[in-house]
file final_25.txt (compact mmCIF, N, CA and C atoms)
# COMPACT_ATOMS: atom_id res chain seq x y z
N MET A 464 21.12 21.39 7.72
CA MET A 464 21.20 21.34 9.18
C MET A 464 19.79 21.11 9.75
N LEU A 465 19.73 20.27 10.75
CA LEU A 465 18.46 19.90 11.36
C LEU A 465 17.93 21.04 12.23
N ASP A 466 16.67 21.36 12.04
CA ASP A 466 16.02 22.42 12.80
C ASP A 466 15.61 21.86 14.15
N LYS A 467 16.38 22.17 15.19
CA LYS A 467 16.12 21.61 16.52
C LYS A 467 14.92 22.26 17.22
N SER A 468 14.35 23.28 16.59
CA SER A 468 13.17 23.90 17.19
C SER A 468 11.96 22.97 17.13
N ILE A 469 12.08 21.87 16.41
CA ILE A 469 10.97 20.91 16.35
C ILE A 469 10.81 20.13 17.65
N VAL A 470 11.85 20.11 18.48
CA VAL A 470 11.76 19.39 19.76
C VAL A 470 10.65 20.03 20.60
N GLY A 471 9.76 19.20 21.08
CA GLY A 471 8.61 19.65 21.86
C GLY A 471 7.35 19.81 21.02
N GLN A 472 7.50 19.81 19.70
CA GLN A 472 6.35 19.95 18.82
C GLN A 472 5.45 18.73 18.93
N GLU A 473 4.12 18.96 18.97
CA GLU A 473 3.15 17.87 19.06
C GLU A 473 2.26 17.87 17.84
N SER A 474 1.87 16.67 17.44
CA SER A 474 0.92 16.54 16.35
C SER A 474 -0.48 16.73 16.91
N PRO A 475 -1.44 17.06 16.04
CA PRO A 475 -2.83 17.04 16.52
C PRO A 475 -3.21 15.60 16.87
N PRO A 476 -4.05 15.40 17.89
CA PRO A 476 -4.49 14.03 18.21
C PRO A 476 -5.22 13.42 17.03
N LYS A 477 -5.08 12.12 16.87
CA LYS A 477 -5.78 11.38 15.81
C LYS A 477 -6.37 10.12 16.43
N THR A 478 -7.54 9.73 15.95
CA THR A 478 -8.27 8.62 16.54
C THR A 478 -8.56 7.55 15.48
N VAL A 479 -8.44 6.30 15.91
CA VAL A 479 -8.68 5.17 15.01
C VAL A 479 -9.30 4.03 15.83
N MET A 480 -10.13 3.23 15.18
CA MET A 480 -10.73 2.08 15.84
C MET A 480 -9.82 0.86 15.69
N ALA A 481 -9.70 0.09 16.76
CA ALA A 481 -8.99 -1.18 16.71
C ALA A 481 -9.91 -2.18 16.03
N GLU A 482 -9.67 -2.42 14.76
CA GLU A 482 -10.55 -3.23 13.91
C GLU A 482 -10.15 -4.71 14.04
N PRO A 483 -11.11 -5.59 14.38
CA PRO A 483 -10.78 -7.00 14.65
C PRO A 483 -10.09 -7.72 13.51
N GLY A 484 -10.50 -7.49 12.28
CA GLY A 484 -9.87 -8.18 11.15
C GLY A 484 -8.40 -7.81 11.01
N GLN A 485 -8.09 -6.53 11.16
CA GLN A 485 -6.69 -6.09 11.10
C GLN A 485 -5.89 -6.66 12.27
N MET A 486 -6.52 -6.72 13.44
CA MET A 486 -5.83 -7.24 14.62
C MET A 486 -5.47 -8.71 14.43
N LYS A 487 -6.41 -9.49 13.89
CA LYS A 487 -6.15 -10.92 13.65
C LYS A 487 -5.03 -11.09 12.62
N PHE A 488 -5.11 -10.33 11.55
CA PHE A 488 -4.09 -10.40 10.50
C PHE A 488 -2.72 -10.07 11.07
N PHE A 489 -2.63 -8.99 11.87
CA PHE A 489 -1.36 -8.58 12.47
C PHE A 489 -0.81 -9.69 13.37
N ALA A 490 -1.68 -10.27 14.20
CA ALA A 490 -1.23 -11.32 15.12
C ALA A 490 -0.64 -12.51 14.37
N LYS A 491 -1.33 -12.94 13.32
CA LYS A 491 -0.83 -14.08 12.55
C LYS A 491 0.44 -13.71 11.78
N ALA A 492 0.47 -12.51 11.21
CA ALA A 492 1.64 -12.08 10.42
C ALA A 492 2.89 -11.94 11.28
N THR A 493 2.72 -11.59 12.54
CA THR A 493 3.87 -11.41 13.42
C THR A 493 4.21 -12.67 14.21
N GLY A 494 3.47 -13.74 13.98
CA GLY A 494 3.80 -15.02 14.61
C GLY A 494 3.34 -15.15 16.05
N ALA A 495 2.32 -14.39 16.44
CA ALA A 495 1.79 -14.54 17.80
C ALA A 495 1.31 -15.97 17.98
N VAL A 496 1.80 -16.65 19.00
CA VAL A 496 1.48 -18.07 19.18
C VAL A 496 0.22 -18.29 20.01
N ASP A 497 -0.17 -17.32 20.82
CA ASP A 497 -1.36 -17.47 21.66
C ASP A 497 -2.59 -17.14 20.83
N GLN A 498 -3.50 -18.10 20.71
CA GLN A 498 -4.66 -17.92 19.85
C GLN A 498 -5.65 -16.87 20.37
N ILE A 499 -5.47 -16.35 21.58
CA ILE A 499 -6.36 -15.29 22.07
C ILE A 499 -6.31 -14.07 21.17
N TYR A 500 -5.24 -13.94 20.38
CA TYR A 500 -5.08 -12.77 19.51
C TYR A 500 -5.85 -12.88 18.20
N TRP A 501 -6.36 -14.06 17.86
CA TRP A 501 -7.12 -14.19 16.62
C TRP A 501 -8.40 -15.03 16.77
N ASP A 502 -8.66 -15.54 17.95
CA ASP A 502 -9.85 -16.38 18.18
C ASP A 502 -10.63 -15.79 19.36
N GLU A 503 -11.81 -15.21 19.05
CA GLU A 503 -12.61 -14.55 20.08
C GLU A 503 -13.01 -15.51 21.21
N GLU A 504 -13.34 -16.75 20.86
CA GLU A 504 -13.74 -17.72 21.89
C GLU A 504 -12.58 -18.01 22.84
N ALA A 505 -11.38 -18.15 22.30
CA ALA A 505 -10.20 -18.39 23.14
C ALA A 505 -9.92 -17.17 24.03
N ALA A 506 -10.13 -15.97 23.48
CA ALA A 506 -9.92 -14.75 24.26
C ALA A 506 -10.89 -14.68 25.43
N MET A 507 -12.17 -14.98 25.17
CA MET A 507 -13.20 -14.96 26.22
C MET A 507 -12.92 -16.03 27.27
N ALA A 508 -12.51 -17.22 26.82
CA ALA A 508 -12.20 -18.30 27.75
C ALA A 508 -11.02 -17.94 28.65
N ALA A 509 -10.13 -17.08 28.15
CA ALA A 509 -8.97 -16.65 28.93
C ALA A 509 -9.29 -15.45 29.83
N GLY A 510 -10.57 -15.02 29.81
CA GLY A 510 -10.98 -13.95 30.71
C GLY A 510 -10.98 -12.55 30.11
N HIS A 511 -10.75 -12.45 28.82
CA HIS A 511 -10.77 -11.14 28.17
C HIS A 511 -12.20 -10.80 27.77
N PRO A 512 -12.55 -9.50 27.78
CA PRO A 512 -13.90 -9.11 27.36
C PRO A 512 -14.09 -9.13 25.85
N GLY A 513 -13.02 -9.33 25.12
CA GLY A 513 -13.04 -9.37 23.66
C GLY A 513 -11.67 -9.72 23.15
N LEU A 514 -11.49 -9.59 21.86
CA LEU A 514 -10.21 -9.90 21.23
C LEU A 514 -9.17 -8.85 21.61
N PRO A 515 -8.07 -9.25 22.30
CA PRO A 515 -7.03 -8.27 22.64
C PRO A 515 -6.06 -8.08 21.48
N ALA A 516 -5.44 -6.91 21.45
CA ALA A 516 -4.42 -6.63 20.44
C ALA A 516 -3.11 -7.30 20.83
N ALA A 517 -2.43 -7.85 19.85
CA ALA A 517 -1.11 -8.44 20.09
C ALA A 517 -0.10 -7.34 20.44
N PRO A 518 0.96 -7.69 21.15
CA PRO A 518 1.99 -6.69 21.46
C PRO A 518 2.48 -6.00 20.18
N THR A 519 2.80 -4.76 20.29
CA THR A 519 3.31 -3.87 19.24
C THR A 519 2.26 -3.46 18.22
N TYR A 520 1.00 -3.87 18.39
CA TYR A 520 -0.05 -3.48 17.45
C TYR A 520 -0.26 -1.96 17.46
N LEU A 521 0.15 -1.32 18.54
CA LEU A 521 0.03 0.13 18.64
C LEU A 521 0.73 0.83 17.47
N PHE A 522 1.83 0.27 17.01
CA PHE A 522 2.55 0.83 15.86
C PHE A 522 1.64 0.86 14.63
N CYS A 523 0.92 -0.22 14.40
CA CYS A 523 -0.01 -0.28 13.26
C CYS A 523 -1.13 0.74 13.41
N LEU A 524 -1.68 0.83 14.61
CA LEU A 524 -2.76 1.80 14.84
C LEU A 524 -2.28 3.21 14.52
N ASN A 525 -1.06 3.52 14.89
CA ASN A 525 -0.53 4.85 14.61
C ASN A 525 -0.44 5.10 13.10
N ASN A 526 -0.13 4.07 12.35
CA ASN A 526 -0.06 4.21 10.89
C ASN A 526 -1.44 4.25 10.25
N PHE A 527 -2.43 3.56 10.84
CA PHE A 527 -3.78 3.53 10.30
C PHE A 527 -4.57 4.80 10.59
N ALA A 528 -4.23 5.49 11.67
CA ALA A 528 -5.02 6.65 12.09
C ALA A 528 -4.91 7.78 11.08
N PRO A 529 -6.05 8.32 10.66
CA PRO A 529 -6.00 9.43 9.69
C PRO A 529 -5.38 10.66 10.32
N SER A 530 -4.44 11.24 9.62
CA SER A 530 -3.72 12.41 10.11
C SER A 530 -4.57 13.66 9.94
N LYS A 531 -4.43 14.58 10.88
CA LYS A 531 -5.17 15.84 10.82
C LYS A 531 -4.27 17.00 10.40
N GLY A 532 -3.17 16.68 9.82
CA GLY A 532 -2.24 17.72 9.38
C GLY A 532 -0.99 17.08 8.82
N PRO A 533 -0.06 17.89 8.31
CA PRO A 533 1.17 17.33 7.75
C PRO A 533 2.03 16.69 8.83
N SER A 534 2.69 15.60 8.47
CA SER A 534 3.59 14.93 9.40
C SER A 534 4.79 15.83 9.70
N ILE A 535 5.51 15.47 10.73
CA ILE A 535 6.71 16.23 11.09
C ILE A 535 7.71 16.19 9.95
N LEU A 536 7.85 15.03 9.30
CA LEU A 536 8.78 14.93 8.18
C LEU A 536 8.34 15.83 7.03
N ALA A 537 7.05 15.88 6.76
CA ALA A 537 6.54 16.75 5.70
C ALA A 537 6.78 18.22 6.04
N GLN A 538 6.60 18.57 7.31
CA GLN A 538 6.84 19.94 7.74
C GLN A 538 8.29 20.34 7.55
N LEU A 539 9.19 19.37 7.68
CA LEU A 539 10.62 19.63 7.51
C LEU A 539 11.05 19.53 6.05
N GLY A 540 10.15 19.08 5.18
CA GLY A 540 10.50 18.94 3.77
C GLY A 540 11.41 17.76 3.49
N VAL A 541 11.32 16.71 4.32
CA VAL A 541 12.18 15.55 4.18
C VAL A 541 11.63 14.61 3.10
N ASP A 542 12.50 14.18 2.21
CA ASP A 542 12.15 13.18 1.19
C ASP A 542 12.03 11.83 1.89
N ILE A 543 10.85 11.23 1.87
CA ILE A 543 10.60 9.96 2.57
C ILE A 543 11.54 8.85 2.10
N GLY A 544 12.06 8.96 0.89
CA GLY A 544 12.99 7.97 0.36
C GLY A 544 14.34 7.96 1.08
N ARG A 545 14.59 8.99 1.88
CA ARG A 545 15.86 9.06 2.63
C ARG A 545 15.70 8.65 4.09
N VAL A 546 14.50 8.19 4.45
CA VAL A 546 14.21 7.90 5.85
C VAL A 546 14.34 6.41 6.14
N LEU A 547 14.99 6.11 7.25
CA LEU A 547 15.11 4.74 7.76
C LEU A 547 14.44 4.67 9.13
N HIS A 548 13.86 3.53 9.42
CA HIS A 548 13.31 3.29 10.76
C HIS A 548 14.46 2.82 11.63
N GLY A 549 14.81 3.63 12.64
CA GLY A 549 15.98 3.31 13.46
C GLY A 549 15.69 2.38 14.61
N GLU A 550 14.69 2.70 15.40
CA GLU A 550 14.42 1.92 16.61
C GLU A 550 12.98 2.18 17.04
N GLN A 551 12.41 1.21 17.73
CA GLN A 551 11.06 1.34 18.26
C GLN A 551 11.04 0.73 19.65
N ARG A 552 10.50 1.45 20.62
CA ARG A 552 10.35 0.94 21.98
C ARG A 552 8.91 1.13 22.42
N PHE A 553 8.40 0.20 23.21
CA PHE A 553 7.02 0.24 23.65
C PHE A 553 6.93 0.21 25.17
N LYS A 554 5.94 0.93 25.69
CA LYS A 554 5.53 0.82 27.09
C LYS A 554 4.05 0.47 27.03
N TYR A 555 3.65 -0.50 27.81
CA TYR A 555 2.28 -0.99 27.74
C TYR A 555 1.45 -0.47 28.90
N GLY A 556 0.19 -0.18 28.61
CA GLY A 556 -0.77 0.25 29.61
C GLY A 556 -1.92 -0.74 29.63
N LYS A 557 -3.15 -0.22 29.67
CA LYS A 557 -4.33 -1.07 29.63
C LYS A 557 -4.36 -1.82 28.30
N PRO A 558 -4.93 -3.02 28.26
CA PRO A 558 -5.01 -3.75 26.99
C PRO A 558 -5.89 -3.01 25.98
N ILE A 559 -5.57 -3.20 24.72
CA ILE A 559 -6.38 -2.69 23.62
C ILE A 559 -7.26 -3.85 23.16
N TYR A 560 -8.57 -3.60 23.05
CA TYR A 560 -9.50 -4.62 22.60
C TYR A 560 -10.16 -4.20 21.29
N ALA A 561 -10.58 -5.21 20.51
CA ALA A 561 -11.29 -4.94 19.26
C ALA A 561 -12.46 -4.02 19.54
N GLY A 562 -12.59 -3.00 18.71
CA GLY A 562 -13.67 -2.03 18.86
C GLY A 562 -13.28 -0.80 19.65
N ASP A 563 -12.17 -0.84 20.36
CA ASP A 563 -11.72 0.34 21.10
C ASP A 563 -11.39 1.48 20.14
N GLU A 564 -11.69 2.69 20.56
CA GLU A 564 -11.29 3.89 19.83
C GLU A 564 -10.02 4.40 20.50
N ILE A 565 -8.93 4.38 19.74
CA ILE A 565 -7.63 4.75 20.29
C ILE A 565 -7.22 6.12 19.74
N THR A 566 -6.89 7.02 20.65
CA THR A 566 -6.41 8.35 20.28
C THR A 566 -4.91 8.40 20.50
N LEU A 567 -4.21 8.84 19.46
CA LEU A 567 -2.75 8.89 19.49
C LEU A 567 -2.26 10.32 19.27
N GLN A 568 -1.18 10.67 19.96
CA GLN A 568 -0.58 11.98 19.76
C GLN A 568 0.93 11.85 19.82
N ASP A 569 1.57 12.34 18.77
CA ASP A 569 3.03 12.29 18.66
C ASP A 569 3.65 13.57 19.21
N LYS A 570 4.82 13.42 19.81
CA LYS A 570 5.58 14.56 20.29
C LYS A 570 7.05 14.32 19.96
N VAL A 571 7.72 15.31 19.40
CA VAL A 571 9.16 15.20 19.12
C VAL A 571 9.88 15.40 20.45
N ILE A 572 10.68 14.40 20.83
CA ILE A 572 11.38 14.48 22.12
C ILE A 572 12.88 14.74 21.97
N ASP A 573 13.42 14.57 20.75
CA ASP A 573 14.83 14.87 20.53
C ASP A 573 15.10 14.95 19.03
N ALA A 574 16.12 15.69 18.68
CA ALA A 574 16.57 15.78 17.29
C ALA A 574 18.07 16.08 17.34
N TYR A 575 18.85 15.28 16.61
CA TYR A 575 20.29 15.48 16.61
C TYR A 575 20.89 14.93 15.32
N GLU A 576 22.17 15.26 15.11
CA GLU A 576 22.89 14.82 13.91
C GLU A 576 24.12 14.03 14.31
N LYS A 577 24.57 13.19 13.38
CA LYS A 577 25.83 12.46 13.51
C LYS A 577 26.55 12.51 12.18
N LYS A 578 27.82 12.22 12.22
CA LYS A 578 28.66 12.18 11.01
C LYS A 578 28.58 13.49 10.23
N GLY A 579 28.70 14.60 10.97
CA GLY A 579 28.72 15.90 10.33
C GLY A 579 27.44 16.25 9.59
N GLY A 580 26.32 15.73 10.03
CA GLY A 580 25.04 16.02 9.40
C GLY A 580 24.64 15.01 8.34
N ALA A 581 25.51 14.02 8.08
CA ALA A 581 25.16 13.00 7.09
C ALA A 581 23.98 12.15 7.56
N LEU A 582 23.85 12.03 8.88
CA LEU A 582 22.72 11.31 9.47
C LEU A 582 22.02 12.24 10.46
N GLN A 583 20.72 12.37 10.29
CA GLN A 583 19.91 13.16 11.21
C GLN A 583 18.92 12.23 11.90
N PHE A 584 18.73 12.43 13.18
CA PHE A 584 17.86 11.58 13.97
C PHE A 584 16.72 12.41 14.56
N ILE A 585 15.51 11.89 14.42
CA ILE A 585 14.34 12.52 15.04
C ILE A 585 13.69 11.46 15.90
N LEU A 586 13.57 11.74 17.19
CA LEU A 586 12.93 10.82 18.13
C LEU A 586 11.56 11.37 18.50
N THR A 587 10.56 10.51 18.35
CA THR A 587 9.20 10.89 18.73
C THR A 587 8.67 9.94 19.78
N GLU A 588 7.78 10.45 20.59
CA GLU A 588 7.06 9.61 21.53
C GLU A 588 5.58 9.75 21.21
N THR A 589 4.90 8.63 21.12
CA THR A 589 3.47 8.62 20.82
C THR A 589 2.72 8.10 22.03
N ALA A 590 1.84 8.93 22.56
CA ALA A 590 0.99 8.53 23.68
C ALA A 590 -0.34 8.04 23.12
N ALA A 591 -0.89 6.97 23.71
CA ALA A 591 -2.14 6.39 23.22
C ALA A 591 -3.10 6.17 24.38
N THR A 592 -4.35 6.61 24.16
CA THR A 592 -5.40 6.42 25.16
C THR A 592 -6.62 5.79 24.50
N ASN A 593 -7.42 5.09 25.30
CA ASN A 593 -8.65 4.50 24.76
C ASN A 593 -9.82 5.48 24.94
N GLN A 594 -11.00 5.05 24.56
CA GLN A 594 -12.18 5.91 24.61
C GLN A 594 -12.58 6.30 26.03
N HIS A 595 -11.99 5.66 27.03
CA HIS A 595 -12.26 5.99 28.43
C HIS A 595 -11.21 6.93 29.00
N GLY A 596 -10.26 7.36 28.16
CA GLY A 596 -9.19 8.24 28.62
C GLY A 596 -8.07 7.51 29.33
N GLU A 597 -8.08 6.18 29.29
CA GLU A 597 -7.04 5.38 29.95
C GLU A 597 -5.85 5.19 29.02
N SER A 598 -4.67 5.23 29.58
CA SER A 598 -3.47 4.99 28.78
C SER A 598 -3.40 3.52 28.37
N VAL A 599 -3.24 3.29 27.07
CA VAL A 599 -3.06 1.92 26.57
C VAL A 599 -1.60 1.70 26.19
N GLY A 600 -0.78 2.72 26.42
CA GLY A 600 0.64 2.58 26.17
C GLY A 600 1.22 3.78 25.46
N SER A 601 2.50 3.65 25.18
CA SER A 601 3.21 4.66 24.42
C SER A 601 4.34 3.97 23.67
N MET A 602 4.85 4.67 22.68
CA MET A 602 5.98 4.13 21.94
C MET A 602 6.93 5.27 21.60
N THR A 603 8.19 4.92 21.57
CA THR A 603 9.24 5.85 21.18
C THR A 603 9.79 5.35 19.86
N ASN A 604 9.90 6.25 18.90
CA ASN A 604 10.33 5.91 17.55
C ASN A 604 11.53 6.76 17.17
N SER A 605 12.52 6.12 16.61
CA SER A 605 13.71 6.83 16.13
C SER A 605 13.75 6.74 14.61
N LEU A 606 13.69 7.90 13.95
CA LEU A 606 13.80 7.96 12.50
C LEU A 606 15.17 8.49 12.12
N VAL A 607 15.77 7.90 11.11
CA VAL A 607 17.08 8.31 10.64
C VAL A 607 16.91 8.86 9.22
N ILE A 608 17.43 10.06 9.02
CA ILE A 608 17.37 10.69 7.70
C ILE A 608 18.79 10.69 7.13
N ARG A 609 18.95 10.05 5.97
CA ARG A 609 20.25 9.98 5.30
C ARG A 609 20.40 11.17 4.37
N ASN A 610 21.46 11.92 4.56
CA ASN A 610 21.75 13.06 3.68
C ASN A 610 22.93 12.78 2.78
call {"tool": "encode", "arguments": {"input": "final_25.txt", "output": "structure tokens"}}
result
Amino acid sequence: MLDKSIVGQESPPKTVMAEPGQMKFFAKATGAVDQIYWDEEAAMAAGHPGLPAAPTYLFCLNNFAPSKGPSILAQLGVDIGRVLHGEQRFKYGKPIYAGDEITLQDKVIDAYEKKGGALQFILTETAATNQHGESVGSMTNSLVIRN
């Protein structure tokens, strides 16, 4: 049975730099067609102060950021082999630029079961801010645990 007391639990904040090489690789791997995402000159010509991150790059930053404690799944003793990525939603704030220091913090916003506990769902929201304390966006993630 899913421990619903995890709702409201927050992870310690974690910080990671938006590294230009990773940003370029992500943009090309995801098929971003606008060259501002991998060409600094094109980004500057378009009025950006540097290389901007392609949409959804926040997900990668969250995975790259070194954790300061056990993940929520680890705290619950969940076998990662039983976990599926259910859904991902993004809200965008200020642009993320190469060299920005992004701080991310996860919060469990819901936990529920379906099919008599055969499927457990954990929904998290991740807030992200830059080194100036400005919101660069948030994402909501739905994880499915198969029992």
call {"tool": "select_by_dssp", "arguments": {"input": "final_25.txt", "residues": "region 487-567 of chain A", "states": "helix (DSSP H, G or I)", "output": "CSV table (one decimal) with N, CA and C atoms, in the frame of the given file"}}
result
chain,number,residue,atom,x,y,z
A,487,LYS,N,-6.4,-9.5,13.9
A,487,LYS,CA,-6.2,-10.9,13.6
A,487,LYS,C,-5.0,-11.1,12.6
A,488,PHE,N,-5.1,-10.3,11.6
A,488,PHE,CA,-4.1,-10.4,10.5
A,488,PHE,C,-2.7,-10.1,11.1
A,489,PHE,N,-2.6,-9.0,11.9
A,489,PHE,CA,-1.4,-8.6,12.5
A,489,PHE,C,-0.8,-9.7,13.4
A,490,ALA,N,-1.7,-10.3,14.2
A,490,ALA,CA,-1.2,-11.3,15.1
A,490,ALA,C,-0.6,-12.5,14.4
A,491,LYS,N,-1.3,-12.9,13.3
A,491,LYS,CA,-0.8,-14.1,12.6
A,491,LYS,C,0.4,-13.7,11.8
A,492,ALA,N,0.5,-12.5,11.2
A,492,ALA,CA,1.6,-12.1,10.4
A,492,ALA,C,2.9,-11.9,11.3
A,498,GLN,N,-3.5,-18.1,20.7
A,498,GLN,CA,-4.7,-17.9,19.8
A,498,GLN,C,-5.6,-16.9,20.4
A,499,ILE,N,-5.5,-16.4,21.6
A,499,ILE,CA,-6.4,-15.3,22.1
A,499,ILE,C,-6.3,-14.1,21.2
A,500,TYR,N,-5.2,-13.9,20.4
A,500,TYR,CA,-5.1,-12.8,19.5
A,500,TYR,C,-5.8,-12.9,18.2
A,503,GLU,N,-11.8,-15.2,19.0
A,503,GLU,CA,-12.6,-14.6,20.1
A,503,GLU,C,-13.0,-15.5,21.2
A,504,GLU,N,-13.3,-16.8,20.9
A,504,GLU,CA,-13.7,-17.7,21.9
A,504,GLU,C,-12.6,-18.0,22.8
A,505,ALA,N,-11.4,-18.2,22.3
A,505,ALA,CA,-10.2,-18.4,23.1
A,505,ALA,C,-9.9,-17.2,24.0
A,506,ALA,N,-10.1,-16.0,23.5
A,506,ALA,CA,-9.9,-14.8,24.3
A,506,ALA,C,-10.9,-14.7,25.4
A,507,MET,N,-12.2,-15.0,25.2
A,507,MET,CA,-13.2,-15.0,26.2
A,507,MET,C,-12.9,-16.0,27.3
A,508,ALA,N,-12.5,-17.2,26.8
A,508,ALA,CA,-12.2,-18.3,27.8
A,508,ALA,C,-11.0,-17.9,28.6
A,520,TYR,N,1.0,-3.9,18.4
A,520,TYR,CA,0.0,-3.5,17.4
A,520,TYR,C,-0.3,-2.0,17.5
A,521,LEU,N,0.2,-1.3,18.5
A,521,LEU,CA,0.0,0.1,18.6
A,521,LEU,C,0.7,0.8,17.5
A,522,PHE,N,1.8,0.3,17.0
A,522,PHE,CA,2.6,0.8,15.9
A,522,PHE,C,1.6,0.9,14.6
A,523,CYS,N,0.9,-0.2,14.4
A,523,CYS,CA,0.0,-0.3,13.3
A,523,CYS,C,-1.1,0.7,13.4
A,524,LEU,N,-1.7,0.8,14.6
A,524,LEU,CA,-2.8,1.8,14.8
A,524,LEU,C,-2.3,3.2,14.5
A,525,ASN,N,-1.1,3.5,14.9
A,525,ASN,CA,-0.5,4.8,14.6
A,525,ASN,C,-0.4,5.1,13.1
A,526,ASN,N,-0.1,4.1,12.4
A,526,ASN,CA,-0.1,4.2,10.9
A,526,ASN,C,-1.4,4.2,10.2
A,527,PHE,N,-2.4,3.6,10.8
A,527,PHE,CA,-3.8,3.5,10.3
A,527,PHE,C,-4.6,4.8,10.6
A,535,ILE,N,5.5,15.5,10.7
A,535,ILE,CA,6.7,16.2,11.1
A,535,ILE,C,7.7,16.2,10.0
A,536,LEU,N,7.8,15.0,9.3
A,536,LEU,CA,8.8,14.9,8.2
A,536,LEU,C,8.3,15.8,7.0
A,537,ALA,N,7.0,15.9,6.8
A,537,ALA,CA,6.5,16.8,5.7
A,537,ALA,C,6.8,18.2,6.0
A,538,GLN,N,6.6,18.6,7.3
A,538,GLN,CA,6.8,19.9,7.7
A,538,GLN,C,8.3,20.3,7.6
A,539,LEU,N,9.2,19.4,7.7
A,539,LEU,CA,10.6,19.6,7.5
A,539,LEU,C,11.0,19.5,6.0
A,543,ILE,N,10.8,11.2,1.9
A,543,ILE,CA,10.6,10.0,2.6
A,543,ILE,C,11.5,8.8,2.1
A,544,GLY,N,12.1,9.0,0.9
A,544,GLY,CA,13.0,8.0,0.4
A,544,GLY,C,14.3,8.0,1.1
A,545,ARG,N,14.6,9.0,1.9
A,545,ARG,CA,15.9,9.1,2.6
A,545,ARG,C,15.7,8.6,4.1
call {"tool": "closest_atom_pairs", "arguments": {"input": "final_25.txt", "of": "region 513-595 of chain A", "to": "region 473-496 of chain A", "cutoff": "6.5 Å", "atoms": "only N, CA and C atoms", "output": "Markdown table"}}
result
| residue | atom | partner | partner_atom | distance |
| --- | --- | --- | --- | --- |
| A:Ala516 | CA | A:Met486 | CA | 6.0 |
| A:Ala517 | CA | A:Ala490 | CA | 5.7 |
| A:Phe527 | C | A:Val479 | CA | 6.0 |
| A:Ala528 | CA | A:Val479 | CA | 4.9 |
| A:Pro529 | N | A:Thr478 | C | 5.5 |
| A:Ser530 | CA | A:Lys477 | CA | 6.1 |
| A:Lys531 | N | A:Lys477 | CA | 6.0 |
| A:Gly532 | N | A:Pro475 | N | 6.5 |
| A:Tyr560 | C | A:Ala481 | CA | 5.6 |
| A:Ala561 | CA | A:Ala481 | C | 4.5 |
| A:Gly562 | N | A:Ala481 | C | 3.9 |
| A:Asp563 | C | A:Ala481 | N | 4.0 |
| A:Glu564 | CA | A:Met480 | CA | 4.4 |
| A:Ile565 | N | A:Val479 | C | 3.9 |
| A:Thr566 | CA | A:Thr478 | CA | 4.2 |
| A:Leu567 | N | A:Lys477 | C | 3.9 |
| A:Gln568 | CA | A:Pro476 | CA | 4.7 |
| A:Asp569 | C | A:Ser474 | N | 4.0 |
| A:Lys570 | CA | A:Glu473 | CA | 4.3 |
| A:Val571 | N | A:Glu473 | N | 5.1 |
call {"tool": "residues_around", "arguments": {"input": "final_25.txt", "residues": "Thr519 (chain A)", "least_positions_apart": "4", "cutoff": "8 Å", "atoms": "all atoms listed in the file", "output": "list of chain:residue names"}}
result
A:Cys523, A:Leu524, A:Phe553
call {"tool": "atom_distance", "arguments": {"input": "final_25.txt", "atom1": "atom N of Gln551 (chain A)", "atom2": "atom C of Met602 (chain A)"}}
result
7.8 Å
call {"tool": "residues_around", "arguments": {"input": "final_25.txt", "residues": "region 577-583 of chain A", "least_positions_apart": "3", "cutoff": "7 Å", "atoms": "only N, CA and C atoms", "output": "tab-separated table (two decimals) with N, CA and C atoms, in the frame of the given file"}}
result
chain	number	residue	atom	x	y	z
A	464	MET	N	21.12	21.39	7.72
A	464	MET	CA	21.20	21.34	9.18
A	464	MET	C	19.79	21.11	9.75
A	465	LEU	N	19.73	20.27	10.75
A	465	LEU	CA	18.46	19.90	11.36
A	465	LEU	C	17.93	21.04	12.23
A	574	ALA	N	16.12	15.69	18.68
A	574	ALA	CA	16.57	15.78	17.29
A	574	ALA	C	18.07	16.08	17.34
A	606	LEU	N	13.69	7.90	13.95
A	606	LEU	CA	13.80	7.96	12.50
A	606	LEU	C	15.17	8.49	12.12
A	607	VAL	N	15.77	7.90	11.11
A	607	VAL	CA	17.08	8.31	10.64
A	607	VAL	C	16.91	8.86	9.22
A	608	ILE	N	17.43	10.06	9.02
A	608	ILE	CA	17.37	10.69	7.70
A	608	ILE	C	18.79	10.69	7.13
A	609	ARG	N	18.95	10.05	5.97
A	609	ARG	CA	20.25	9.98	5.30
A	609	ARG	C	20.40	11.17	4.37
A	610	ASN	N	21.46	11.92	4.56
A	610	ASN	CA	21.75	13.06	3.68
A	610	ASN	C	22.93	12.78	2.78
call {"tool": "atom_distance", "arguments": {"input": "final_25.txt", "atom1": "CA of Lys554 (chain A)", "atom2": "CA of Gly510 (chain A)"}}
result
22.4 Å
call {"tool": "closest_residue", "arguments": {"input": "final_25.txt", "among": "A:Ile559, A:Leu536, A:Leu586, A:Val470", "to": "Pro515 (chain A)", "atoms": "only N, CA and C atoms"}}
result
A:Ile559
call {"tool": "decode", "arguments": {"input": "final_25.txt", "residues": "region 496-507 of chain A", "atoms": "C-alpha atoms", "output": "PDB file, in the first residue's frame"}}
result
ATOM      1  CA  VAL A 496      15.019  23.262 -35.710  1.00  0.00           C
ATOM      2  CA  ASP A 497      15.996  26.777 -34.612  1.00  0.00           C
ATOM      3  CA  GLN A 498      19.779  27.055 -34.650  1.00  0.00           C
ATOM      4  CA  ILE A 499      19.739  29.530 -31.717  1.00  0.00           C
ATOM      5  CA  TYR A 500      19.800  26.417 -29.511  1.00  0.00           C
ATOM      6  CA  TRP A 501      23.205  25.220 -30.747  1.00  0.00           C
ATOM      7  CA  ASP A 502      24.859  28.222 -32.450  1.00  0.00           C
ATOM      8  CA  GLU A 503      25.967  31.076 -30.170  1.00  0.00           C
ATOM      9  CA  GLU A 504      26.247  33.547 -33.068  1.00  0.00           C
ATOM     10  CA  ALA A 505      22.679  32.800 -34.185  1.00  0.00           C
ATOM     11  CA  ALA A 506      21.477  33.190 -30.578  1.00  0.00           C
ATOM     12  CA  MET A 507      23.186  36.595 -30.233  1.00  0.00           C
TER      13      MET A 507
END
